[in-house]
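This report refers to the structure that appears directly beneath it.
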Amino acid sequence: MNTEYKIEQQSSPNHSSRHDRKILTIVDHITAGKYPGCLSWMQNPAAKASAHYLVTRTGRIIQMVDDRNASWHAGIVNKPSWSLYRGENPNRYTIGIEHEGYGAQGGDGTLTEEQYQATLWLHRQLIEKHNIPIDNDHIIGHYRIDSVNRPGCPGPNFPWSRLFDDLRNGVIDVALEKWMIESGEDALDELARKGLINQPDTKKGEENLAASVPAYLFWMMLNRLADYKGK
Ligand SMILES: [Zn+2]
């Protein structure tokens with residue numbers, strides 16, 4: 001899905017310094033209350049809680065804390081199952097994403113489709129921006145940091161496998177597209193060197209590639225891409 005999202009800024013005073021720690025991990029959460037109550041709570045100094053982002057059930061993305069600062073989403077560590085925990089406040093080296101839950105208890109982690117697509121997009125942006133690997137130490141649920149008091153955050157139905165599949169396939173798609181264009185251009189250069197086509201410099205780019213590569217060659221490339229993706 002190619003929907004472009006806009007990140008709305010609604011800042012919260014509940015943040016502090018990262019103490020120069022590098023961002024390692026995205027931590028996913030579910031809110032106990034619904035929007036907009038959950039947002040105003042995380043903007044209230046009395047809450048002493050926040051997150052960098054809130055993704056609502058209608059698919060809006062709201063940023064409360066700049067990525068460069070530590071938001072207060074995962075500070076208390078209790079029987080963690082997270083290999084990157086370093087014995088210091090996790091807020092300093094994580095990014096917190098809250099997802100609007102439903103009902104008073106936040107629900108079981110089921111997201112709406114709009115909410116899923118928005119958080120997928122947001123995860124992609126953050127992974128790209130902060131060089132975060134796509135694995136289950138670098139993208140985790142809050143329960144991995146506090147398994148005692150937050151076992152249901154973000155909940156048993158949070159779509160982990162769909163999220164990881166979509167994130168991985170997205171990265172593979174981008175790499176394959178780049179490879180297809182570059183190797184397609186190489187193929188054109190070679191055909192030009194052999195005198196089979198003219199003016200390769202005017203045939204750069206994706207659209208021109210499709211128009212100028214002979215059809216059988218294009219199908220061979222697509223077949224190889226399909227084989228590769230199936231692995
Ligand atoms: Zn949480």
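Scheme for the structure tokens: letters A, B, ... for chains in order shown; per-chain residue numbers from 1; ligand numbers from 1 in order shown.
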Set the cut-off to 9 Å, count only C-alpha atoms and all ligand atoms, and list whatever residues fall near ligand 1 as a JSON list (two decimals) with C-alpha atoms, in the first residue's frame.
```
[["chain", "number", "residue", "atom", "x", "y", "z"],
["A", 27, "VAL", "CA", 8.98, -0.99, 21.58],
["A", 28, "ASP", "CA", 5.30, -1.51, 20.71],
["A", 29, "HIS", "CA", 2.53, -0.82, 23.21],
["A", 30, "ILE", "CA", -1.25, -0.73, 23.46],
["A", 31, "THR", "CA", -3.04, 2.02, 25.42],
["A", 32, "ALA", "CA", -5.46, 1.22, 28.21],
["A", 73, "HIS", "CA", 7.26, 4.47, 27.80],
["A", 74, "ALA", "CA", 9.25, 1.51, 29.13],
["A", 96, "GLY", "CA", 8.09, 3.81, 21.95],
["A", 97, "ILE", "CA", 4.99, 3.43, 19.77],
["A", 98, "GLU", "CA", 1.61, 3.38, 21.51],
["A", 141, "GLY", "CA", 6.56, -5.64, 22.74],
["A", 142, "HIS", "CA", 6.57, -3.90, 26.10],
["A", 143, "TYR", "CA", 6.04, -7.26, 27.84],
["A", 146, "ASP", "CA", 8.32, -5.90, 31.99],
["A", 150, "ARG", "CA", 2.86, -5.47, 31.51],
["A", 151, "PRO", "CA", 2.28, -9.02, 30.23],
["A", 152, "GLY", "CA", -0.64, -7.79, 28.08],
["A", 153, "CYS", "CA", 1.18, -4.94, 26.34],
["A", 154, "PRO", "CA", 0.62, -4.85, 23.44]]
```
Show me a table, sorted first by chain and then by increasing residue number, of the residues of stretch 97-120 of chain A having an atom at most 9 Å from stretch 46-66 of chain A, each with its shortest atom pair and the distance in Å to one decimal, counting only C-alpha atoms and written as JSON lines.
```
{"residue": "A:Ile97", "atom": "CA", "partner": "A:Tyr53", "partner_atom": "CA", "distance": 4.8}
{"residue": "A:Glu98", "atom": "CA", "partner": "A:Leu54", "partner_atom": "CA", "distance": 4.6}
{"residue": "A:His99", "atom": "CA", "partner": "A:Val55", "partner_atom": "CA", "distance": 4.8}
{"residue": "A:Glu100", "atom": "CA", "partner": "A:Thr56", "partner_atom": "CA", "distance": 4.9}
{"residue": "A:Gly101", "atom": "CA", "partner": "A:Arg57", "partner_atom": "CA", "distance": 7.6}
{"residue": "A:Tyr102", "atom": "CA", "partner": "A:Arg57", "partner_atom": "CA", "distance": 8.5}
{"residue": "A:Leu111", "atom": "CA", "partner": "A:Arg57", "partner_atom": "CA", "distance": 7.0}
{"residue": "A:Thr112", "atom": "CA", "partner": "A:Arg57", "partner_atom": "CA", "distance": 5.9}
{"residue": "A:Glu113", "atom": "CA", "partner": "A:Gly59", "partner_atom": "CA", "distance": 8.2}
{"residue": "A:Glu114", "atom": "CA", "partner": "A:Gly59", "partner_atom": "CA", "distance": 4.7}
{"residue": "A:Gln115", "atom": "CA", "partner": "A:Gly59", "partner_atom": "CA", "distance": 4.2}
{"residue": "A:Tyr116", "atom": "CA", "partner": "A:Gly59", "partner_atom": "CA", "distance": 7.5}
{"residue": "A:Gln117", "atom": "CA", "partner": "A:Gly59", "partner_atom": "CA", "distance": 7.3}
{"residue": "A:Ala118", "atom": "CA", "partner": "A:Gly59", "partner_atom": "CA", "distance": 5.3}
{"residue": "A:Thr119", "atom": "CA", "partner": "A:Val55", "partner_atom": "CA", "distance": 6.5}
```
Can I get the residues of stretch 16-82 of chain A within 8 Å of stretch 124-138 of chain A, each with the closest pair of atoms and their distance in Å to one decimal, using only C-alpha atoms, sorted chain first then ascending number, as a tab-separated table?
```
residue	atom	partner	partner_atom	distance
A:Ile23	CA	A:His130	CA	6.8
A:Leu24	CA	A:His138	CA	6.2
A:Thr25	CA	A:His138	CA	4.2
A:Ile26	CA	A:His138	CA	6.1
A:Trp82	CA	A:Asp137	CA	6.3
```
May I have the residues from that selection written out with C-alpha atoms, as a tab-separated table (two decimals), in the first residue's frame?
```
chain	number	residue	atom	x	y	z
A	23	ILE	CA	18.47	4.07	19.36
A	24	LEU	CA	18.52	0.27	19.22
A	25	THR	CA	14.96	-0.97	19.49
A	26	ILE	CA	11.34	-0.11	18.73
A	82	TRP	CA	15.12	-8.91	25.86
```
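With only C-alpha atoms as the atoms that count, the residue of A:Gly109, A:Ser161, A:Ser17, A:Cys38 with the shortest distance to A:Arg92 is A:Ser17.
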Which of stretch 12-231 of chain A DSSP labels alpha helix (DSSP H), written as JSON, numbers by chain: {"A": [37, 38, 39, 40, 41, 42, 113, 114, 115, 116, 117, 118, 119, 120, 121, 122, 123, 124, 125, 126, 127, 128, 129, 130, 160, 161, 162, 163, 164, 165, 166, 167, 168, 169, 170, 171, 172, 173, 174, 175, 176, 177, 178, 179, 180, 181, 182, 183, 184, 185, 186, 187, 188, 189, 190, 191, 192, 193, 206, 207, 208, 209, 210, 211, 212, 215, 216, 217, 218, 219, 220, 221, 222, 223, 224, 225, 226, 227, 228, 229, 230]}
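With distances restricted to only C-alpha atoms, A:Arg224 is the closest residue to A:Met180 from A:Arg68, A:His19, A:Arg224, A:Arg86.
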Give me, please, the distance in Å between atom CA of A:Arg162 and atom CA of A:Thr110, quoted to one decimal.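 Computing it gives 12.1 Å between the two atoms.
Distances from A:Glu8, A:Asn169, A:Lys79, A:Pro45 to A:Asn149 were compared using only C-alpha atoms, and the smallest one belongs to A:Lys79.
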With distances taken over only C-alpha atoms, which residue among A:His15, A:Asp173, A:Trp121, A:Glu190 lies nearest A:Trp72?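 Among the listed residues, the smallest separation from A:Trp72 belongs to A:His15.
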